[in-house]
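Below is entry17.cif, holding mmCIF, C-alpha atoms and all ligand atoms.
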```
data_start
loop_
_atom_site.label_atom_id
_atom_site.label_comp_id
_atom_site.auth_asym_id
_atom_site.auth_seq_id
_atom_site.Cartn_x
_atom_site.Cartn_y
_atom_site.Cartn_z
CA MET D 1 124.82 102.32 81.06
CA LEU D 2 127.02 104.45 83.30
CA THR D 3 130.05 104.34 81.01
CA GLY D 4 131.13 107.91 80.35
CA LYS D 5 128.24 109.39 82.36
CA ASN D 6 128.97 112.42 84.50
CA ILE D 7 127.53 111.96 87.96
CA ILE D 8 127.44 114.45 90.81
CA LEU D 9 127.22 112.68 94.15
CA GLY D 10 125.89 114.95 96.89
CA ILE D 11 126.58 113.71 100.42
CA CYS D 12 124.80 115.06 103.50
CA GLY D 13 125.57 114.75 107.20
CA GLY D 14 124.08 111.46 108.32
CA ILE D 15 125.66 108.30 109.66
CA ALA D 16 124.99 106.50 106.34
CA ALA D 17 127.62 108.81 104.80
CA TYR D 18 130.18 106.21 105.90
CA LYS D 19 128.97 104.05 102.99
CA THR D 20 129.63 106.70 100.35
CA PRO D 21 133.30 105.92 99.52
CA HIS D 22 132.02 102.45 98.51
CA LEU D 23 129.26 104.10 96.45
CA VAL D 24 131.85 106.27 94.68
CA ARG D 25 133.94 103.15 93.96
CA LEU D 26 130.94 101.34 92.46
CA LEU D 27 130.08 104.34 90.29
CA THR D 28 133.61 104.73 88.98
CA LYS D 29 133.92 100.97 88.43
CA SER D 30 130.73 101.17 86.31
CA GLY D 31 132.53 103.69 84.10
CA ALA D 32 131.03 106.92 85.48
CA ASN D 33 132.96 110.14 86.08
CA VAL D 34 132.11 111.21 89.61
CA LYS D 35 132.35 114.59 91.29
CA VAL D 36 131.65 114.63 95.00
CA LEU D 37 129.85 117.51 96.70
CA ALA D 38 129.76 117.14 100.47
CA THR D 39 128.03 119.38 102.96
CA ALA D 40 130.05 120.56 105.95
CA SER D 41 128.13 118.12 108.17
CA ALA D 42 128.83 115.22 105.79
CA LEU D 43 132.56 115.67 106.38
CA LYS D 44 132.00 115.06 110.11
CA PHE D 45 130.89 111.51 109.19
CA VAL D 46 133.23 110.62 106.33
CA SER D 47 136.70 111.88 105.58
CA GLU D 48 137.44 114.26 102.74
CA LEU D 49 140.64 112.33 102.05
CA SER D 50 138.75 109.04 101.50
CA LEU D 51 136.26 110.68 99.17
CA SER D 52 138.84 112.58 97.13
CA THR D 53 141.00 109.45 96.83
CA VAL D 54 138.21 107.22 95.50
CA SER D 55 136.70 109.91 93.26
CA ARG D 56 140.16 110.97 92.03
CA GLY D 57 139.33 114.63 92.46
CA PRO D 58 138.70 117.32 95.05
CA VAL D 59 135.64 117.19 97.28
CA LEU D 60 133.58 120.27 96.50
CA GLY D 61 131.49 121.96 99.11
CA ASP D 62 132.60 125.47 99.78
CA MET D 63 130.96 127.94 97.40
CA PHE D 64 133.60 130.58 98.13
CA ALA D 65 136.78 128.49 98.30
CA ALA D 66 139.79 130.82 98.36
CA ASP D 67 141.90 128.68 96.02
CA ARG D 68 139.49 129.02 93.09
CA SER D 69 141.20 131.44 90.77
CA ALA D 70 140.39 130.28 87.25
CA GLU D 71 137.44 132.09 85.70
CA SER D 72 135.42 128.88 85.16
CA ASP D 73 135.94 127.92 88.79
CA GLN D 74 134.21 131.09 89.95
CA THR D 75 131.02 129.88 88.30
CA LEU D 76 131.65 126.25 89.16
CA HIS D 77 127.99 125.61 90.05
CA ILE D 78 126.95 126.55 86.50
CA THR D 79 129.71 124.44 84.95
CA LEU D 80 128.69 121.49 87.12
CA GLY D 81 125.01 121.97 86.27
CA GLU D 82 125.89 121.71 82.59
CA TRP D 83 128.40 118.89 83.07
CA ALA D 84 126.23 116.47 85.03
CA ASP D 85 124.14 113.73 83.43
CA ALA D 86 122.55 113.03 86.82
CA LEU D 87 122.63 114.15 90.44
CA VAL D 88 122.47 111.60 93.26
CA ILE D 89 122.07 112.75 96.85
CA ALA D 90 122.90 109.97 99.29
CA PRO D 91 122.31 110.09 102.15
CA ALA D 92 119.76 112.91 101.85
CA THR D 93 119.04 114.28 105.32
CA ALA D 94 115.81 115.90 106.54
CA ASN D 95 117.63 119.24 106.58
CA THR D 96 118.86 119.06 102.98
CA ILE D 97 115.48 117.72 101.79
CA ALA D 98 113.78 120.73 103.43
CA ARG D 99 116.25 123.18 101.93
CA LEU D 100 115.96 121.71 98.44
CA SER D 101 112.16 121.64 98.57
CA ALA D 102 112.17 125.31 99.57
CA GLY D 103 114.49 126.22 96.68
CA MET D 104 117.28 127.48 98.94
CA CYS D 105 120.76 127.56 97.47
CA ASP D 106 123.30 128.54 100.07
CA ASP D 107 125.85 125.77 99.67
CA MET D 108 127.45 123.98 96.72
CA LEU D 109 125.03 121.04 96.82
CA SER D 110 121.83 123.08 96.87
CA VAL D 111 123.07 125.54 94.27
CA CYS D 112 124.02 122.66 91.94
CA PHE D 113 120.55 121.16 92.44
CA ILE D 114 119.06 124.42 91.16
CA ALA D 115 121.65 124.82 88.37
CA LEU D 116 121.22 121.26 87.05
CA ARG D 117 119.76 121.17 83.53
CA PRO D 118 116.01 120.49 83.80
CA ASP D 119 116.02 117.27 81.76
CA LYS D 120 118.65 115.62 83.97
CA PRO D 121 117.46 113.10 86.56
CA VAL D 122 117.84 113.56 90.30
CA LEU D 123 117.93 110.56 92.63
CA LEU D 124 117.32 111.30 96.30
CA VAL D 125 118.22 108.63 98.82
CA PRO D 126 116.80 109.71 102.19
CA ALA D 127 118.27 108.07 105.28
CA MET D 128 117.37 109.03 108.83
CA ASP D 129 115.58 107.80 111.92
CA GLY D 130 112.21 106.22 111.02
CA HIS D 131 110.15 108.68 113.10
CA MET D 132 111.91 111.58 111.40
CA TYR D 133 111.25 110.01 107.99
CA GLU D 134 107.53 109.62 108.77
CA SER D 135 107.19 113.17 110.15
CA PRO D 136 104.70 115.36 108.27
CA SER D 137 107.35 117.91 107.32
CA VAL D 138 109.70 115.34 105.76
CA ARG D 139 106.76 113.67 103.92
CA ARG D 140 105.58 117.06 102.65
CA ASN D 141 109.05 118.13 101.48
CA LEU D 142 109.68 114.80 99.73
CA SER D 143 106.32 115.00 98.02
CA VAL D 144 107.20 118.52 96.73
CA LEU D 145 110.48 117.18 95.34
CA ALA D 146 108.77 114.11 93.81
CA THR D 147 106.26 116.41 92.08
CA GLN D 148 109.22 118.33 90.66
CA GLY D 149 110.41 115.05 89.10
CA CYS D 150 112.99 113.81 91.63
CA ARG D 151 113.08 110.05 92.08
CA ILE D 152 112.99 109.03 95.74
CA LEU D 153 114.67 105.74 96.62
CA GLU D 154 112.81 104.73 99.76
CA PRO D 155 114.89 103.85 102.84
CA GLU D 156 114.95 100.27 104.07
CA SER D 157 113.94 98.82 107.41
CA GLY D 158 116.57 97.43 109.76
CA GLU D 159 118.79 98.38 112.64
CA LEU D 160 119.31 102.12 112.95
CA ALA D 161 122.18 104.12 114.43
CA SER D 162 120.01 104.82 117.51
CA GLY D 163 119.94 101.08 118.22
CA GLN D 164 116.23 100.96 117.37
CA CYS D 165 114.86 98.90 114.51
CA GLY D 166 112.71 100.45 111.83
CA LEU D 167 112.47 102.29 108.56
CA GLY D 168 115.25 104.74 107.71
CA ARG D 169 118.36 102.83 106.64
CA MET D 170 120.02 103.94 103.44
CA PRO D 171 119.73 101.21 100.78
CA GLU D 172 123.00 99.51 99.92
CA PRO D 173 125.21 101.33 97.37
CA GLU D 174 124.62 98.47 94.86
CA LEU D 175 120.89 99.28 94.78
CA ILE D 176 121.59 103.00 94.41
CA VAL D 177 123.82 102.31 91.37
CA GLU D 178 121.22 99.93 89.91
CA THR D 179 118.46 102.55 90.29
CA LEU D 180 120.61 105.24 88.70
CA ASP D 181 121.47 102.91 85.86
CA GLU D 182 117.76 102.34 85.21
CA MET D 183 117.05 106.09 85.33
CA LEU D 184 119.73 106.79 82.73
CA GLU D 185 118.51 104.08 80.37
CA PRO D 186 117.64 105.90 77.16
CA LEU D 187 113.90 106.35 76.63
CA PRO D 188 112.57 104.22 73.85
CA ASP D 189 111.29 106.38 71.03
CA SER D 190 107.81 106.43 72.48
CA ARG D 191 104.60 107.63 70.89
CA LEU D 192 103.54 108.67 74.39
CA LYS D 193 106.18 111.40 74.50
CA GLY D 194 104.47 114.72 75.19
CA ARG D 195 100.97 113.15 75.36
CA GLN D 196 98.69 113.93 78.30
CA VAL D 197 97.79 110.78 80.17
CA LEU D 198 95.11 110.81 82.88
CA ILE D 199 94.99 107.77 85.17
CA THR D 200 92.59 106.81 87.95
CA ALA D 201 93.93 104.47 90.63
CA GLY D 202 93.16 102.90 93.97
CA PRO D 203 89.86 102.31 95.72
CA THR D 204 87.11 104.78 96.52
CA ARG D 205 85.53 105.15 99.94
CA GLU D 206 81.80 105.66 100.18
CA LYS D 207 80.69 107.10 103.50
CA ILE D 208 78.10 105.24 105.60
CA ASP D 209 78.50 107.64 108.52
CA ASP D 210 81.30 109.83 109.83
CA VAL D 211 83.44 106.84 110.89
CA ARG D 212 82.57 104.04 108.42
CA PHE D 213 82.69 103.53 104.70
CA LEU D 214 82.19 100.97 101.92
CA SER D 215 85.35 100.24 99.90
CA ASN D 216 87.41 97.47 98.28
CA TYR D 217 90.91 95.99 98.41
CA SER D 218 92.58 98.06 95.68
CA SER D 219 96.06 99.18 96.73
CA GLY D 220 96.68 101.50 93.77
CA LYS D 221 99.80 99.52 92.73
CA MET D 222 98.56 98.81 89.20
CA GLY D 223 97.57 102.42 88.49
CA PHE D 224 100.78 103.83 90.02
CA ALA D 225 102.90 101.39 87.98
CA ILE D 226 101.19 102.63 84.81
CA ALA D 227 101.74 106.25 85.86
CA ALA D 228 105.46 105.64 86.49
CA ALA D 229 105.90 103.80 83.19
CA ALA D 230 104.04 106.47 81.19
CA ALA D 231 106.13 109.23 82.80
CA ARG D 232 109.33 107.34 81.91
CA ARG D 233 108.14 107.26 78.29
CA GLY D 234 107.90 111.04 78.31
CA ALA D 235 104.14 111.42 78.80
CA VAL D 236 102.68 114.22 80.90
CA VAL D 237 100.97 112.16 83.58
CA ARG D 238 98.24 113.00 86.11
CA ILE D 239 96.96 110.42 88.55
CA VAL D 240 93.67 110.83 90.39
CA THR D 241 93.86 108.40 93.26
CA GLY D 242 91.68 107.12 96.05
CA PRO D 243 93.26 106.57 99.49
CA VAL D 244 96.46 104.53 99.05
CA SER D 245 99.82 104.50 100.82
CA LEU D 246 102.12 104.73 97.81
CA ALA D 247 104.76 107.32 96.95
CA THR D 248 104.05 109.48 93.93
CA PRO D 249 106.14 108.33 90.96
CA SER D 250 108.73 110.79 89.60
CA GLY D 251 107.33 113.45 87.37
CA VAL D 252 103.68 112.53 88.00
CA GLU D 253 101.06 115.03 89.18
CA ARG D 254 98.91 113.46 91.90
CA ILE D 255 95.38 114.41 92.93
CA ASP D 256 94.05 112.66 96.05
CA VAL D 257 90.33 112.02 96.39
CA GLU D 258 88.15 109.82 98.54
CA SER D 259 84.79 108.98 96.97
CA ALA D 260 83.66 108.07 93.44
CA VAL D 261 81.88 111.42 93.14
CA GLU D 262 85.11 113.23 94.07
CA MET D 263 87.08 111.06 91.63
CA MET D 264 84.59 111.95 88.91
CA GLU D 265 84.84 115.68 89.70
CA ALA D 266 88.65 115.67 89.80
CA SER D 267 89.05 113.55 86.63
CA SER D 268 86.47 115.39 84.54
CA ARG D 269 88.43 118.65 84.93
CA PHE D 270 91.10 117.08 82.68
CA PHE D 271 88.86 115.12 80.24
CA ASP D 272 89.13 117.72 77.55
CA GLU D 273 92.91 118.12 77.57
CA CYS D 274 93.95 114.49 78.04
CA ASP D 275 94.96 112.34 75.07
CA ILE D 276 94.63 109.04 76.90
CA PHE D 277 92.44 108.16 79.88
CA ILE D 278 93.33 104.98 81.76
CA GLY D 279 90.82 103.77 84.37
CA ALA D 280 92.77 101.51 86.72
CA ALA D 281 90.79 102.56 89.81
CA ALA D 282 88.36 100.20 91.49
CA VAL D 283 85.53 102.71 91.68
CA ALA D 284 82.62 101.74 93.91
CA ASP D 285 79.55 101.25 91.75
CA TYR D 286 77.19 102.33 94.56
CA ARG D 287 77.26 104.67 97.55
CA PRO D 288 74.99 105.03 100.58
CA GLU D 289 72.18 107.39 99.53
CA THR D 290 72.32 109.48 102.71
CA PRO D 291 75.47 109.17 104.86
CA VAL D 292 74.57 109.55 108.51
CA GLU D 293 76.05 112.45 110.43
CA GLY D 294 78.06 111.29 113.45
CA LYS D 295 78.23 107.55 114.31
CA LEU D 296 75.39 105.11 113.62
CA LYS D 297 74.18 103.41 116.80
CA LYS D 298 73.58 99.65 117.00
CA ASN D 299 70.04 99.71 118.37
CA GLU D 300 68.37 97.32 115.91
CA PRO D 301 69.25 93.65 115.19
CA THR D 302 69.37 94.34 111.43
CA MET D 303 70.02 97.42 109.38
CA GLU D 304 69.36 98.42 105.79
CA ILE D 305 71.46 100.94 103.93
CA ARG D 306 69.97 102.21 100.70
CA LEU D 307 72.58 102.53 97.97
CA VAL D 308 72.46 104.66 94.85
CA ARG D 309 74.54 104.30 91.66
CA ASN D 310 77.78 106.23 91.39
CA PRO D 311 78.72 108.05 88.19
CA ASP D 312 80.67 105.86 85.77
CA ILE D 313 83.83 107.89 85.19
CA ILE D 314 85.30 106.10 82.19
CA ALA D 315 81.90 105.79 80.49
CA ALA D 316 81.40 109.55 80.92
CA PHE D 317 84.82 110.19 79.37
CA SER D 318 84.12 107.85 76.43
CA ALA D 319 80.70 109.37 75.79
CA GLY D 320 82.16 112.83 75.22
CA LYS D 321 85.58 112.00 73.83
CA ARG D 322 86.97 113.14 70.50
CA PRO D 323 87.97 110.35 68.06
CA ALA D 324 91.68 110.96 68.67
CA GLN D 325 91.34 110.49 72.45
CA LEU D 326 91.76 106.97 73.82
CA ALA D 327 89.77 105.36 76.64
CA ILE D 328 91.56 102.42 78.27
CA GLY D 329 89.68 100.51 80.95
CA PHE D 330 90.23 97.57 83.28
CA ALA D 331 87.80 94.79 83.99
CA LEU D 332 88.12 92.87 87.23
CA GLU D 333 86.31 89.60 87.83
CA THR D 334 86.69 86.94 90.50
CA ALA D 335 86.76 84.08 87.98
CA GLY D 336 87.09 83.44 84.20
CA GLY D 337 84.56 85.58 82.39
CA ILE D 338 86.38 87.31 79.55
CA GLY D 339 82.88 87.83 78.14
CA TYR D 340 82.33 90.49 80.85
CA ALA D 341 85.43 92.29 79.66
CA LYS D 342 84.12 92.29 76.07
CA GLU D 343 80.81 93.68 77.33
CA LYS D 344 82.66 96.46 79.17
CA LEU D 345 84.70 97.28 76.05
CA GLU D 346 81.49 97.73 74.07
CA ASN D 347 79.13 99.18 76.70
CA LYS D 348 81.62 101.74 77.97
CA GLY D 349 82.89 102.66 74.49
CA LEU D 350 86.51 101.71 75.28
CA ASP D 351 89.43 101.45 72.87
CA LEU D 352 91.11 98.79 74.98
CA VAL D 353 90.28 96.85 78.10
CA ALA D 354 92.70 95.01 80.40
CA PHE D 355 90.97 92.02 81.93
CA ASN D 356 92.28 90.67 85.25
CA VAL D 357 91.06 88.11 87.73
CA TYR D 358 91.25 88.56 91.49
CA ASP D 359 92.75 85.28 92.72
CA ARG D 360 94.15 86.60 96.04
CA SER D 361 97.69 85.38 95.39
CA THR D 362 99.05 86.43 91.99
CA SER D 363 96.64 88.79 90.25
CA GLY D 364 94.18 91.58 90.85
CA PHE D 365 94.02 93.56 94.09
CA GLU D 366 96.95 94.23 96.42
CA VAL D 367 99.56 91.78 95.12
CA ASP D 368 102.70 92.94 93.25
CA THR D 369 101.97 90.82 90.15
CA ASN D 370 99.16 90.61 87.65
CA VAL D 371 97.94 88.52 84.71
CA LEU D 372 96.33 90.73 82.08
CA THR D 373 94.43 89.85 78.93
CA LEU D 374 94.26 92.84 76.61
CA LEU D 375 91.27 93.18 74.26
CA ASP D 376 91.17 96.08 71.85
CA ARG D 377 88.41 97.68 69.78
CA ASP D 378 89.61 95.86 66.63
CA GLY D 379 89.16 92.46 68.25
CA THR D 380 92.84 91.80 68.98
CA VAL D 381 93.27 89.70 72.11
CA SER D 382 96.69 89.36 73.83
CA GLU D 383 97.08 87.10 76.80
CA LEU D 384 100.02 88.25 78.92
CA PRO D 385 101.84 85.90 81.30
CA LEU D 386 102.22 86.44 85.04
CA LEU D 387 104.24 89.66 85.31
CA SER D 388 105.16 92.20 87.96
CA LYS D 389 102.71 95.12 87.89
CA GLU D 390 105.58 97.27 86.54
CA GLU D 391 106.14 94.88 83.62
CA ALA D 392 102.39 94.52 83.03
CA ALA D 393 102.12 98.33 82.93
CA GLY D 394 104.84 98.41 80.25
CA ARG D 395 103.03 95.81 78.13
CA LEU D 396 99.74 97.69 78.49
CA LEU D 397 101.42 100.90 77.33
CA ASP D 398 102.96 99.04 74.36
CA ALA D 399 99.39 98.11 73.33
CA VAL D 400 98.25 101.72 73.82
CA GLU D 401 101.11 102.86 71.57
CA GLN D 402 99.90 100.44 68.89
CA LEU D 403 96.48 102.15 69.01
CA LEU D 404 98.17 105.54 68.55
CA GLN D 405 99.68 104.41 65.26
O1 LIG D 501 95.07 98.67 92.87
P1 LIG D 501 95.64 97.26 92.85
O2 LIG D 501 95.62 96.63 94.22
O3 LIG D 501 96.99 97.19 92.20
O4 LIG D 501 94.65 96.37 91.98
C1 LIG D 501 94.54 96.62 90.60
C2 LIG D 501 93.09 96.53 90.14
C3 LIG D 501 92.59 95.15 90.35
C4 LIG D 501 92.20 97.51 90.94
C5 LIG D 501 93.07 96.96 88.63
O5 LIG D 501 93.91 96.10 87.91
C6 LIG D 501 91.66 96.90 88.06
O6 LIG D 501 91.20 95.88 87.58
N1 LIG D 501 90.93 98.05 88.13
C7 LIG D 501 89.52 98.11 87.75
C8 LIG D 501 88.68 97.43 88.79
C9 LIG D 501 87.22 97.60 88.53
O7 LIG D 501 86.58 98.31 89.26
O8 LIG D 501 86.77 97.01 87.46
P2 LIG D 501 85.23 97.18 86.97
O9 LIG D 501 85.07 96.00 86.12
O10 LIG D 501 84.30 97.34 88.09
O11 LIG D 501 85.24 98.55 86.15
C10 LIG D 501 85.49 98.60 84.75
C11 LIG D 501 86.17 99.90 84.38
O12 LIG D 501 85.30 101.01 84.63
C12 LIG D 501 87.45 100.19 85.12
O13 LIG D 501 88.34 100.80 84.21
C13 LIG D 501 87.01 101.18 86.20
O14 LIG D 501 88.08 102.05 86.58
C14 LIG D 501 85.91 101.94 85.47
N2 LIG D 501 84.85 102.48 86.34
C15 LIG D 501 84.07 101.62 87.04
C16 LIG D 501 83.02 102.13 87.79
C17 LIG D 501 82.82 103.53 87.83
N3 LIG D 501 81.86 104.06 88.57
N4 LIG D 501 83.63 104.34 87.15
C18 LIG D 501 84.65 103.83 86.40
O15 LIG D 501 85.40 104.59 85.77
#
```
In structure tokens, what does this structure look like?
Amino acid sequence: MLTGKNIILGICGGIAAYKTPHLVRLLTKSGANVKVLATASALKFVSELSLSTVSRGPVLGDMFAADRSAESDQTLHITLGEWADALVIAPATANTIARLSAGMCDDMLSVCFIALRPDKPVLLVPAMDGHMYESPSVRRNLSVLATQGCRILEPESGELASGQCGLGRMPEPELIVETLDEMLEPLPDSRLKGRQVLITAGPTREKIDDVRFLSNYSSGKMGFAIAAAAARRGAVVRIVTGPVSLATPSGVERIDVESAVEMMEASSRFFDECDIFIGAAAVADYRPETPVEGKLKKNEPTMEIRLVRNPDIIAAFSAGKRPAQLAIGFALETAGGIGYAKEKLENKGLDLVAFNVYDRSTSGFEVDTNVLTLLDRDGTVSELPLLSKEEAAGRLLDAVEQLLQ
């Protein structure tokens, strides 16, 4: 995939920079043309000579280098922005992440980030101390960049330069090349391209009092995998999610909510404009009628909480949808029961339902895999094998594309 691809590798000043000559070697061995942009701090950790030797070219960094005389060299950032098929920044430090998220462009790396053509992918590989990585400012800046469409390759856990163990290590260069390779894979000619896809994901939390809630085990993995796959197919994707600890997939707009009522309010704002609604969330069917202010006291041996029905989000969408809009639902059961899925397809007015069983080890909540049976409005039933949630998401979207025919 990388044969003939033009890759800019941005290197920032972190200890993981020592791995970058190997990364350049892997990229060039895969057939890519590599230009290295290093910040001044990066060159304190890795030598310019090593990088220029392995990349077979100069290391760029100084925006105002005195030896740039040719006309094209004076606008090198523009030339590079046009030249590159992708930009990889590894390691990406907290400082560079902050500067990029703020739109600053006062060195060669940041100016190239801004000058890169908008359809070209950016892979950010943060590496730093785990506490720095988890700090609110780094999380906020990464989330801004993810919303802009940058792919974030999460750091790994292990021994850090400080001697401590934890999250923050830069993934090995092999994984960086593999991820880039996947990002540059040409998009299949998808019917989802340009379509608006609205996805619900994760659990909802229904307040009992100010410190307790009713909820379920949904992790959001299934919904987020669908969002990532739809975005890769060129769809315009929004995800309305209950509380989950997952990174926002590249190019996906994320709206965080807590309760079913909030999920309903946030989703319904986009009902009219979306082409496809996919309900992967495990929405609580009931909520406590009157959440107690403060903390409930345990004075009585038993307690009753009166529950009232929550709005059914996907049913509300289906009831008002235009014929060209698609409603795709999930049906979760704890055993067998494909009949329940058929009932949901009919009662909720769905075009397709993905039936899954919660077996605690391979399918349903929390795990990384799922076994889906897809039932569509025309009576077609497809039983999928055990797949990763990413693969299952792809197969679900293939079925959605069939319905768009
Ligand atoms: O998040 P993970 O840990 O990856 O787990 C994935 C999953 C198991 C949550 C997912 O695959 C799944 O099955 N989601 C739907 C779970 C569910 O609540 O099913 P249900 O049978 O109760 O609901 C049927 C459909 O109606 C679903 O599309 C649901 O999103 C929707 N619904 C339900 C109730 C409600 N008030 N509003 C809704 O929109």
Near-ligand residues for ligand LIG 501 (chain D), threshold 7 Å, only C-alpha atoms and all ligand atoms, as a VMD selection string:
chain D and resid 200 to 203 217 to 223 260 278 to 285 310 to 315 328 to 333 344 355 to 356 358 364 to 367
Students should find that CA of Ala227 (chain D) and CA of Leu352 (chain D) are spaced 16.9 Å
(request) Identify the residues within 12 Å of coordinate (114.7, 118.6, 109.1) (same frame as the file), considering all atoms listed in the file, and give the answer as an MDAnalysis selection string. (result) chainID D and resid 13:14 92:102 126:129 131:142
Worksheet item: Could you state the separation of CA of Glu258 (chain D) and CA of Ile199 (chain D) in Å, given to one decimal place?
Response: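 CA of Ile199 (chain D) lies at a distance of 15.2 Å from CA of Glu258 (chain D).
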Enumerate, in order of chain and increasing residue number, the residues of region 215-312 of chain D with an atom no farther than 8 Å from region 391-405 of chain D, each with its shortest atom pair and distance in Å to one decimal, counting all atoms listed in the file, as CSV.
```
residue,atom,partner,partner_atom,distance
D:Met222,CA,D:Ala393,CA,7.2
D:Ala225,CA,D:Ala393,CA,6.0
D:Ile226,CA,D:Ala393,CA,4.8
D:Ala229,CA,D:Gly394,CA,6.2
D:Ala230,CA,D:Leu397,CA,7.3
```
Go ahead and save the residues from that selection, with C-alpha atoms, as a PDB file, in the frame of the given file.
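Full text of part_23.pdb as output:
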```pdb
ATOM      1  CA  MET D 222      98.560  98.810  89.200  1.00  0.00           C
ATOM      2  CA  ALA D 225     102.900 101.390  87.980  1.00  0.00           C
ATOM      3  CA  ILE D 226     101.190 102.630  84.810  1.00  0.00           C
ATOM      4  CA  ALA D 229     105.900 103.800  83.190  1.00  0.00           C
ATOM      5  CA  ALA D 230     104.040 106.470  81.190  1.00  0.00           C
TER       6      ALA D 230
END
```
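Using all atoms listed in the file, the protein and nucleic acid residues lying no more than 9 Å from region 106-111 of chain D, apart from those fewer than 3 places from it along its own chain, are Gly10, Ile11, Cys12, Leu37, Ala38, Thr39, Leu60, Gly61, Asp62, Met63, Leu76, His77, Ile78, Gly81, Ile89, Thr96, Arg99, Leu100, Gly103, Ile114, Ala115 and Leu116 of chain D.
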Q | CA of Ser245 (chain D) to CA of Ala341 (chain D), straight-line distance in Å | A |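 These two atoms are separated by 28.4 Å.
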Nearest-residue call for Ile305 (chain D), choices D:Lys389, D:Arg238, D:Lys207, D:Arg232, using all atoms listed in the file:
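Closest to Ile305 (chain D) of all the choices is D:Lys207.
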message: Between D:Pro186, D:Gly57, D:Gly337, D:Gly166, which residue has the minimum interatomic distance to Leu2 (chain D), considering only C-alpha atoms?
response: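 Residue with the minimum atom-to-atom distance to Leu2 (chain D): D:Pro186.
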With all atoms listed in the file as the atoms that count, which of D:Lys5, D:Arg195, D:Arg306, D:His22 lies nearest to Gln325 (chain D)?
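For Gln325 (chain D), the nearest of the candidates is D:Arg195.
Closest approach to Ser41 (chain D) from the set D:Cys274, D:Gly379, D:Ile15, D:Asp119 is made by D:Ile15, with distances taken over only C-alpha atoms.
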Give as a ChimeraX atom specification every residue, naming chains and numbers as the document does, that has an atom within 10 Å of (118.7, 110.4, 90.9), counting only C-alpha atoms.
/D:7-9,85-90,120-125,149-153,176-177,179-184
Box along x, y and z, 5 Å on every side, all listed atoms of region 225-232 of chain D inside: centre and edge lengths in Å to one decimal, as JSON.
```
{"center_x": 105.3, "center_y": 105.3, "center_z": 84.6, "size_x": 18.1, "size_y": 17.8, "size_z": 16.8}
```
Top pick for closest residue to Glu172 (chain D), considering D:Ser361, D:Thr20, D:Ser259, D:Thr334 and counting all atoms listed in the file: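 The answer is D:Thr20, which sits nearest to Glu172 (chain D).
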Q | Counting all atoms listed in the file, the option among D:Ile255, D:Leu345, D:Val144, D:Leu175 closest to Glu156 (chain D) | A |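 Closest to Glu156 (chain D), using all atoms listed in the file: D:Leu175.
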Neighbours of Leu296 (chain D) within 12 Å (only C-alpha atoms; same-chain residues fewer than 4 positions away dropped), as a ChimeraX atom specification?
/D:207-213,291-292,300,303-305
File output, region 355-363 of chain D (N, CA, C and O atoms) as a CSV table (one decimal), in the first residue's frame:
```csv
chain,number,residue,atom,x,y,z
D,355,PHE,N,-29.4,-8.9,15.5
D,355,PHE,CA,-29.7,-9.6,16.8
D,355,PHE,C,-28.4,-10.1,17.4
D,355,PHE,O,-27.5,-10.7,16.7
D,356,ASN,N,-28.2,-9.9,18.7
D,356,ASN,CA,-27.0,-10.4,19.4
D,356,ASN,C,-27.4,-10.9,20.7
D,356,ASN,O,-28.3,-10.5,21.4
D,357,VAL,N,-26.6,-12.0,21.2
D,357,VAL,CA,-26.9,-12.6,22.5
D,357,VAL,C,-25.8,-12.2,23.4
D,357,VAL,O,-24.6,-12.2,23.1
D,358,TYR,N,-26.2,-11.9,24.7
D,358,TYR,CA,-25.2,-11.6,25.7
D,358,TYR,C,-24.7,-12.9,26.4
D,358,TYR,O,-25.5,-13.4,27.1
D,359,ASP,N,-23.5,-13.4,26.0
D,359,ASP,CA,-23.1,-14.7,26.6
D,359,ASP,C,-21.9,-14.5,27.5
D,359,ASP,O,-21.3,-15.4,28.0
D,360,ARG,N,-21.6,-13.2,27.8
D,360,ARG,CA,-20.5,-12.9,28.8
D,360,ARG,C,-19.1,-13.2,28.3
D,360,ARG,O,-18.1,-12.9,29.0
D,361,SER,N,-18.9,-13.9,27.2
D,361,SER,CA,-17.5,-14.2,26.8
D,361,SER,C,-17.2,-13.8,25.4
D,361,SER,O,-16.1,-13.4,25.1
D,362,THR,N,-18.1,-14.0,24.5
D,362,THR,CA,-17.8,-13.7,23.1
D,362,THR,C,-18.7,-12.7,22.4
D,362,THR,O,-18.3,-12.1,21.4
D,363,SER,N,-19.9,-12.5,22.9
D,363,SER,CA,-20.8,-11.6,22.2
D,363,SER,C,-21.7,-10.8,23.2
D,363,SER,O,-21.9,-11.1,24.3
```
